[in-house]
>>> print(open('upload.cif').read())   # mmCIF, C-alpha atoms
data_my_file
loop_
_atom_site.label_atom_id
_atom_site.label_comp_id
_atom_site.auth_asym_id
_atom_site.auth_seq_id
_atom_site.Cartn_x
_atom_site.Cartn_y
_atom_site.Cartn_z
CA ASN A 1 109.56 7.31 126.53
CA GLU A 2 105.92 8.36 126.59
CA LEU A 3 104.87 10.19 123.46
CA THR A 4 103.57 13.72 123.94
CA ASP A 5 101.36 16.02 121.91
CA GLU A 6 103.10 18.27 119.38
CA ARG A 7 102.32 21.77 118.28
CA ALA A 8 101.06 21.55 114.71
CA ASP A 9 103.46 24.15 113.32
CA ARG A 10 106.48 22.49 114.94
CA ALA A 11 105.42 19.04 113.74
CA PHE A 12 105.19 20.41 110.21
CA LEU A 13 108.62 22.05 110.43
CA ALA A 14 110.07 18.76 111.71
CA LEU A 15 108.61 17.01 108.67
CA ARG A 16 110.04 19.66 106.34
CA ASP A 17 113.50 19.30 107.91
CA GLU A 18 113.30 15.51 107.73
CA MET A 19 112.50 15.64 104.02
CA ALA A 20 115.02 18.40 103.24
CA PRO A 21 117.57 16.05 101.58
CA LEU A 22 114.89 14.74 99.22
CA ALA A 23 113.78 18.28 98.43
CA ARG A 24 117.37 19.42 97.90
CA PHE A 25 118.69 16.56 95.81
CA GLY A 26 115.56 15.10 94.24
CA SER A 27 114.42 15.62 90.67
CA ALA A 28 111.33 17.66 91.65
CA ASP A 29 110.74 20.82 93.65
CA ILE A 30 108.97 20.11 96.96
CA ASP A 31 107.13 23.07 98.43
CA PHE A 32 106.09 22.97 102.11
CA ALA A 33 103.36 25.56 102.70
CA THR A 34 103.14 27.06 106.19
CA PRO A 35 100.22 25.51 108.15
CA GLN A 36 97.14 27.70 108.46
CA PRO A 37 95.43 27.05 111.82
CA SER A 38 91.71 27.74 111.38
CA ALA A 39 90.87 28.02 115.06
CA ASP A 40 93.85 28.06 117.42
CA PRO A 41 97.31 29.40 116.50
CA ASP A 42 98.76 27.14 119.19
CA ALA A 43 96.88 24.05 118.00
CA THR A 44 98.43 20.76 119.04
CA LEU A 45 98.33 17.33 117.47
CA PRO A 46 98.00 14.11 119.49
CA ALA A 47 101.25 12.17 119.15
CA PRO A 48 99.69 9.33 117.07
CA VAL A 49 98.17 11.90 114.69
CA ALA A 50 101.48 13.76 114.28
CA GLN A 51 103.29 10.49 113.56
CA ALA A 52 100.66 9.30 111.09
CA ALA A 53 100.61 12.70 109.35
CA ARG A 54 104.34 12.60 108.72
CA ALA A 55 104.16 9.00 107.50
CA ILE A 56 101.28 9.85 105.14
CA VAL A 57 103.14 12.81 103.66
CA ARG A 58 106.33 10.81 103.19
CA ARG A 59 104.48 7.98 101.44
CA ALA A 60 102.44 10.36 99.28
CA VAL A 61 105.48 12.35 98.14
CA LEU A 62 107.62 9.29 97.44
CA THR A 63 104.82 7.60 95.50
CA MET A 64 104.27 10.72 93.42
CA LEU A 65 107.98 11.07 92.68
CA ASP A 66 108.17 7.41 91.64
CA GLN A 67 105.95 8.28 88.66
CA GLY A 68 108.98 9.92 87.06
CA ASN A 69 107.01 12.70 85.36
CA VAL A 70 106.59 15.10 88.28
CA GLY A 71 108.28 18.49 88.40
CA ARG A 72 106.70 19.89 91.55
CA VAL A 73 104.98 18.63 94.70
CA ARG A 74 103.22 20.88 97.21
CA VAL A 75 102.52 19.83 100.81
CA SER A 76 100.14 21.73 103.09
CA TRP A 77 98.39 21.22 106.44
CA ASP A 78 95.27 22.92 107.73
CA VAL A 79 94.38 22.53 111.40
CA GLY A 80 90.73 22.95 112.35
CA ASP A 81 88.29 20.39 113.70
CA ASP A 82 90.64 17.87 112.13
CA LEU A 83 94.05 17.87 110.47
CA ALA A 84 93.67 18.22 106.71
CA ILE A 85 96.78 17.12 104.81
CA THR A 86 97.01 17.99 101.12
CA VAL A 87 99.74 16.71 98.81
CA ARG A 88 99.49 17.77 95.18
CA ASP A 89 101.71 17.11 92.16
CA ASP A 90 101.85 18.35 88.57
CA GLY A 91 102.24 14.91 87.00
CA SER A 92 100.15 13.09 84.44
CA GLY A 93 97.21 12.63 86.81
CA ASP A 94 96.98 8.89 86.31
CA LEU A 95 98.29 7.83 89.72
CA SER A 96 96.22 4.77 90.61
CA ALA A 97 94.27 4.73 93.86
CA ASP A 98 94.88 0.96 93.82
CA ALA A 99 98.64 1.36 94.27
CA LEU A 100 99.87 -0.77 97.17
CA ALA A 101 101.89 2.11 98.62
CA LEU A 102 98.82 4.34 98.70
CA GLN A 103 96.63 1.62 100.20
CA ALA A 104 99.05 1.38 103.12
CA MET A 105 98.67 5.14 103.55
CA VAL A 106 94.87 4.82 103.53
CA ASP A 107 95.06 2.06 106.15
CA ARG A 108 97.21 4.30 108.36
CA ALA A 109 94.61 7.09 108.21
CA GLN A 110 91.63 4.80 108.75
CA ALA A 111 93.27 3.29 111.84
CA LEU A 112 92.84 6.73 113.45
CA GLY A 113 89.30 7.20 112.16
CA GLY A 114 90.50 9.34 109.26
CA THR A 115 89.92 9.35 105.52
CA VAL A 116 91.95 9.71 102.34
CA GLU A 117 90.75 11.01 98.98
CA ILE A 118 92.87 10.57 95.86
CA GLU A 119 91.88 12.58 92.82
CA GLY A 120 93.76 12.43 89.54
CA VAL A 121 92.94 14.67 86.57
CA PRO A 122 94.63 13.63 83.30
CA ASP A 123 97.44 16.05 82.36
CA TRP A 124 96.76 18.20 85.46
CA GLY A 125 98.19 16.08 88.26
CA THR A 126 97.06 14.24 91.36
CA ARG A 127 95.77 15.53 94.68
CA ILE A 128 95.82 13.45 97.85
CA LEU A 129 93.71 14.79 100.72
CA ALA A 130 93.92 13.05 104.09
CA ARG A 131 91.83 14.06 107.09
CA LEU A 132 92.80 12.91 110.57
CA PRO A 133 90.50 13.60 113.56
CA LEU A 134 92.13 15.36 116.48
CA ARG A 135 90.06 13.47 119.04
CA PRO A 136 90.01 9.73 119.71
CA VAL A 137 87.47 7.96 117.53
CA GLY A 138 85.28 7.07 120.50
CA GLN A 139 84.99 10.72 121.52
CA GLN A 140 83.93 12.09 118.13
CA ALA A 141 80.45 13.55 117.98
CA LEU A 142 77.91 11.63 115.93
CA GLN A 143 77.30 13.09 112.48
CA ALA A 144 74.13 15.18 112.34
CA HIS A 145 73.39 13.98 108.80
CA PRO A 146 74.27 10.60 107.23
CA LEU A 147 76.01 12.26 104.27
CA ASP A 148 78.06 14.71 106.36
CA MET A 149 80.97 12.29 106.56
CA LEU A 150 81.52 12.35 102.79
CA GLY A 151 83.99 14.69 101.13
CA PRO A 152 82.98 16.96 98.21
CA ARG A 153 84.24 14.60 95.51
CA GLU A 154 82.63 11.61 97.23
CA LEU A 155 79.31 13.49 97.19
CA ASP A 156 79.78 14.10 93.46
CA VAL A 157 80.32 10.38 92.93
CA LEU A 158 77.35 9.46 95.13
CA GLU A 159 75.11 11.80 93.12
CA GLN A 160 76.25 10.02 89.96
CA LEU A 161 75.52 6.63 91.54
CA ALA A 162 72.04 7.83 92.44
CA ARG A 163 71.51 8.63 88.76
CA GLY A 164 72.39 5.08 87.82
CA ARG A 165 75.71 5.98 86.19
CA ARG A 166 78.45 3.40 85.68
CA ASN A 167 82.13 3.98 86.45
CA ARG A 168 83.09 4.96 82.90
CA GLN A 169 80.30 7.54 82.70
CA ILE A 170 81.23 8.94 86.10
CA ALA A 171 84.88 9.21 85.08
CA GLU A 172 83.94 11.10 81.93
CA ASP A 173 81.53 13.46 83.67
CA LEU A 174 83.92 14.28 86.53
CA MET A 175 87.06 14.19 84.35
CA ILE A 176 88.86 11.68 86.56
CA SER A 177 90.20 8.19 85.91
CA GLU A 178 88.12 5.03 86.35
CA ASN A 179 90.56 3.87 89.03
CA THR A 180 89.87 7.08 90.96
CA VAL A 181 86.13 6.49 90.58
CA LYS A 182 86.50 2.96 91.96
CA PHE A 183 88.44 4.34 94.92
CA HIS A 184 85.76 6.94 95.68
CA VAL A 185 82.94 4.40 95.31
CA ALA A 186 84.66 2.08 97.79
CA ASN A 187 85.07 4.96 100.25
CA VAL A 188 81.42 5.99 99.85
CA LEU A 189 80.17 2.47 100.55
CA SER A 190 82.46 2.13 103.57
CA LYS A 191 81.54 5.50 105.10
CA LEU A 192 77.80 4.99 104.60
CA GLY A 193 77.96 1.45 105.97
CA VAL A 194 76.30 -0.09 102.90
CA HIS A 195 77.29 -3.02 100.71
CA SER A 196 76.17 -2.07 97.21
CA ARG A 197 75.89 0.84 94.84
CA GLY A 198 72.12 0.46 94.93
CA GLU A 199 72.02 0.84 98.71
CA ALA A 200 74.22 3.95 98.47
CA ALA A 201 71.95 5.41 95.79
CA ALA A 202 68.88 4.75 97.92
CA MET A 203 70.48 6.48 100.89
CA ALA A 204 71.35 9.48 98.70
CA ARG A 205 67.72 9.81 97.61
CA GLU A 206 66.35 9.28 101.11
CA ASN A 207 68.55 12.04 102.45
CA GLY A 208 67.75 14.52 99.70
CA LEU A 209 71.14 14.73 97.96
CA PRO A 210 70.78 17.52 95.36
CA GLY A 211 70.77 16.09 91.86
CA ALA A 212 69.88 12.56 92.95
CA ALA A 213 67.06 11.19 90.83
CA PRO A 214 63.85 10.29 92.70
CA LEU A 215 63.26 6.59 93.22
CA SER A 216 60.59 6.44 90.50
CA ALA A 217 63.03 7.83 87.93
CA VAL A 218 65.71 5.17 88.52
CA SER A 219 65.23 1.78 86.90
#
>>> encode(input="upload.cif", output="structure tokens")
Amino acid sequence: NELTDERADRAFLALRDEMAPLARFGSADIDFATPQPSADPDATLPAPVAQAARAIVRRAVLTMLDQGNVGRVRVSWDVGDDLAITVRDDGSGDLSADALALQAMVDRAQALGGTVEIEGVPDWGTRILARLPLRPVGQQALQAHPLDMLGPRELDVLEQLARGRRNRQIAEDLMISENTVKFHVANVLSKLGVHSRGEAAAMARENGLPGAAPLSAVS
């Protein structure tokens, strides 16, 4: 059968119902927050996006629960220009962005032109934020600014790169793990289409990233 678009709220409820046994019998509370459409209360998701969104949430939740030290997981969607999926836990915050299960999730998002950010804060938990475009990749408007495609935490990391900071220093300044820093650095390089930290730093300075040291100040 041909797949059809799904209303965002119904797709979310279907996901909640699908995961109900895990929420009911699992060791952690799983909270599904009602989607908050930013533009259209009747917003729909292309079928591939709806399928990928459910798969990403399932993988994120199961990976978080596998840590064994999680008491609560919260899942939320926000529908605007894209579908923003947030999964947050209250675990130890040391979930590695290099985990094979999470890499498969990242690949699923990137196949649709989307992104995934994984941010762990020691003793405060982990947040996974996936963004999936609601239009086919070929129809997306070109970014007006080269840095517009970066998320807030990726911009923080890029600013640190432009200052010549190493991973350990970045982790300390941003209060995240070195594995999370490595993950963000890899995403920054990929999104900017560059091959080195130096190229990324140069692009940050050329495009006036606040806080980026001028070229003459960086050795």
>>> residues_around(input="upload.cif", residues="Gly151 of chain A", least_positions_apart="2", cutoff="10 Å", atoms="only C-alpha atoms", output="number ranges by chain")
A: 115-117, 129, 131, 147-149, 153-157, 184, 187-188
>>> residues_around(input="upload.cif", residues="Ile128 of chain A", least_positions_apart="2", cutoff="6 Å", atoms="all atoms listed in the file", output="PyMOL selection string")
chain A and resi 86-87+117-118
>>> closest_residue(input="upload.cif", among="A:Pro133, A:Pro48, A:Gly125, A:Gly164", to="Gly80 of chain A", atoms="only C-alpha atoms")
A:Pro133
>>> residues_around(input="upload.cif", residues="Val57 of chain A", least_positions_apart="6", cutoff="10 Å", atoms="all atoms listed in the file", output="PyMOL selection string")
chain A and resi 15+19+63+75-76+85-87+105+128+130
>>> atom_distance(input="upload.cif", atom1="atom CA of Leu102 of chain A", atom2="atom CA of Gly198 of chain A")
27.2 Å
>>> resolve_selection(input="upload.cif", expression="the PyMOL selection byres ((chain A and resi 170) around 12)", output="PyMOL selection string")
chain A and resi 153-154+156-169+171-182+184-185
>>> atom_distance(input="upload.cif", atom1="atom CA of Asp94 of chain A", atom2="atom CA of Val121 of chain A")
7.1 Å
>>> atom_distance(input="upload.cif", atom1="atom CA of Ala14 of chain A", atom2="atom CA of Ile30 of chain A")
14.9 Å
>>> closest_residue(input="upload.cif", among="A:Ala60, A:Leu13, A:Ala109, A:Ala28", to="Arg127 of chain A", atoms="all atoms listed in the file")
A:Ala60
>>> closest_residue(input="upload.cif", among="A:Glu6, A:Asp89, A:Asp42, A:Asp82", to="Gly113 of chain A", atoms="all atoms listed in the file")
A:Asp82
>>> closest_residue(input="upload.cif", among="A:Leu192, A:Met64, A:Ala52, A:Ala84", to="Val106 of chain A", atoms="only C-alpha atoms")
A:Ala52
>>> resolve_selection(input="upload.cif", expression="the PyMOL selection byres ((chain A and resi 9) around 9)", output="list in words")
Glu6, Arg7, Ala8, Arg10, Ala11, Phe12, Leu13, Ala14, Thr34, Pro35, Gln36, Pro37, Pro41, Asp42, Ala43 and Thr44 of chain A
>>> resolve_selection(input="upload.cif", expression="the PyMOL selection byres ((chain A and resi 23) around 12)", output="list in words")
Leu15, Arg16, Asp17, Glu18, Met19, Ala20, Pro21, Leu22, Arg24, Phe25, Gly26, Ser27, Ala28, Asp29, Ile30, Asp31, Phe32, Arg58, Val61, Leu62, Leu65, Gly71, Arg72, Val73, Arg74 and Val75 of chain A
>>> axis_aligned_box(input="upload.cif", around="segment 9-28 of chain A", padding_each_side="8 Å", output="AutoDock Vina command-line options")
--center_x 111.1 --center_y 19.4 --center_z 102.8 --size_x 31.2 --size_y 25.4 --size_z 40.3
>>> closest_residue(input="upload.cif", among="A:Trp77, A:Phe183, A:Gly120, A:Asn207", to="Gln103 of chain A", atoms="all atoms listed in the file")
A:Phe183
>>> build_atoms(input="upload.cif", residues="segment 162-181 of chain A", atoms="N, CA and C atoms", output="PDB file, keeping the file's coordinate frame")
ATOM      1  N   ALA A 162      73.486   7.716  92.274  1.00  0.00           N
ATOM      2  CA  ALA A 162      72.040   7.830  92.440  1.00  0.00           C
ATOM      3  C   ALA A 162      71.325   8.045  91.108  1.00  0.00           C
ATOM      4  N   ARG A 163      72.072   8.464  90.102  1.00  0.00           N
ATOM      5  CA  ARG A 163      71.510   8.630  88.760  1.00  0.00           C
ATOM      6  C   ARG A 163      71.658   7.365  87.914  1.00  0.00           C
ATOM      7  N   GLY A 164      72.233   6.332  88.528  1.00  0.00           N
ATOM      8  CA  GLY A 164      72.390   5.080  87.820  1.00  0.00           C
ATOM      9  C   GLY A 164      73.586   5.027  86.893  1.00  0.00           C
ATOM     10  N   ARG A 165      74.549   5.928  87.074  1.00  0.00           N
ATOM     11  CA  ARG A 165      75.710   5.980  86.190  1.00  0.00           C
ATOM     12  C   ARG A 165      76.715   4.880  86.532  1.00  0.00           C
ATOM     13  N   ARG A 166      77.389   4.387  85.502  1.00  0.00           N
ATOM     14  CA  ARG A 166      78.450   3.400  85.680  1.00  0.00           C
ATOM     15  C   ARG A 166      79.794   4.120  85.815  1.00  0.00           C
ATOM     16  N   ASN A 167      80.830   3.368  86.163  1.00  0.00           N
ATOM     17  CA  ASN A 167      82.130   3.980  86.450  1.00  0.00           C
ATOM     18  C   ASN A 167      82.673   4.789  85.275  1.00  0.00           C
ATOM     19  N   ARG A 168      82.541   4.249  84.052  1.00  0.00           N
ATOM     20  CA  ARG A 168      83.090   4.960  82.900  1.00  0.00           C
ATOM     21  C   ARG A 168      82.382   6.284  82.689  1.00  0.00           C
ATOM     22  N   GLN A 169      81.054   6.298  82.855  1.00  0.00           N
ATOM     23  CA  GLN A 169      80.300   7.540  82.700  1.00  0.00           C
ATOM     24  C   GLN A 169      80.675   8.553  83.780  1.00  0.00           C
ATOM     25  N   ILE A 170      80.847   8.047  85.006  1.00  0.00           N
ATOM     26  CA  ILE A 170      81.230   8.940  86.100  1.00  0.00           C
ATOM     27  C   ILE A 170      82.597   9.551  85.831  1.00  0.00           C
ATOM     28  N   ALA A 171      83.528   8.724  85.374  1.00  0.00           N
ATOM     29  CA  ALA A 171      84.880   9.210  85.080  1.00  0.00           C
ATOM     30  C   ALA A 171      84.842  10.301  84.023  1.00  0.00           C
ATOM     31  N   GLU A 172      84.037  10.105  82.992  1.00  0.00           N
ATOM     32  CA  GLU A 172      83.940  11.100  81.930  1.00  0.00           C
ATOM     33  C   GLU A 172      83.310  12.394  82.419  1.00  0.00           C
ATOM     34  N   ASP A 173      82.233  12.265  83.194  1.00  0.00           N
ATOM     35  CA  ASP A 173      81.530  13.460  83.670  1.00  0.00           C
ATOM     36  C   ASP A 173      82.382  14.272  84.642  1.00  0.00           C
ATOM     37  N   LEU A 174      83.128  13.587  85.508  1.00  0.00           N
ATOM     38  CA  LEU A 174      83.920  14.280  86.530  1.00  0.00           C
ATOM     39  C   LEU A 174      85.356  14.522  86.094  1.00  0.00           C
ATOM     40  N   MET A 175      85.714  14.015  84.908  1.00  0.00           N
ATOM     41  CA  MET A 175      87.060  14.190  84.350  1.00  0.00           C
ATOM     42  C   MET A 175      88.143  13.629  85.280  1.00  0.00           C
ATOM     43  N   ILE A 176      87.892  12.400  85.752  1.00  0.00           N
ATOM     44  CA  ILE A 176      88.860  11.680  86.560  1.00  0.00           C
ATOM     45  C   ILE A 176      88.999  10.280  85.976  1.00  0.00           C
ATOM     46  N   SER A 177      89.981   9.531  86.449  1.00  0.00           N
ATOM     47  CA  SER A 177      90.200   8.190  85.910  1.00  0.00           C
ATOM     48  C   SER A 177      89.204   7.192  86.505  1.00  0.00           C
ATOM     49  N   GLU A 178      89.016   6.062  85.823  1.00  0.00           N
ATOM     50  CA  GLU A 178      88.120   5.030  86.350  1.00  0.00           C
ATOM     51  C   GLU A 178      88.654   4.461  87.652  1.00  0.00           C
ATOM     52  N   ASN A 179      89.985   4.357  87.775  1.00  0.00           N
ATOM     53  CA  ASN A 179      90.560   3.870  89.030  1.00  0.00           C
ATOM     54  C   ASN A 179      90.204   4.798  90.183  1.00  0.00           C
ATOM     55  N   THR A 180      90.236   6.112  89.926  1.00  0.00           N
ATOM     56  CA  THR A 180      89.870   7.080  90.960  1.00  0.00           C
ATOM     57  C   THR A 180      88.400   6.940  91.320  1.00  0.00           C
ATOM     58  N   VAL A 181      87.557   6.703  90.314  1.00  0.00           N
ATOM     59  CA  VAL A 181      86.130   6.490  90.580  1.00  0.00           C
ATOM     60  C   VAL A 181      85.949   5.278  91.481  1.00  0.00           C
TER      61      VAL A 181
END
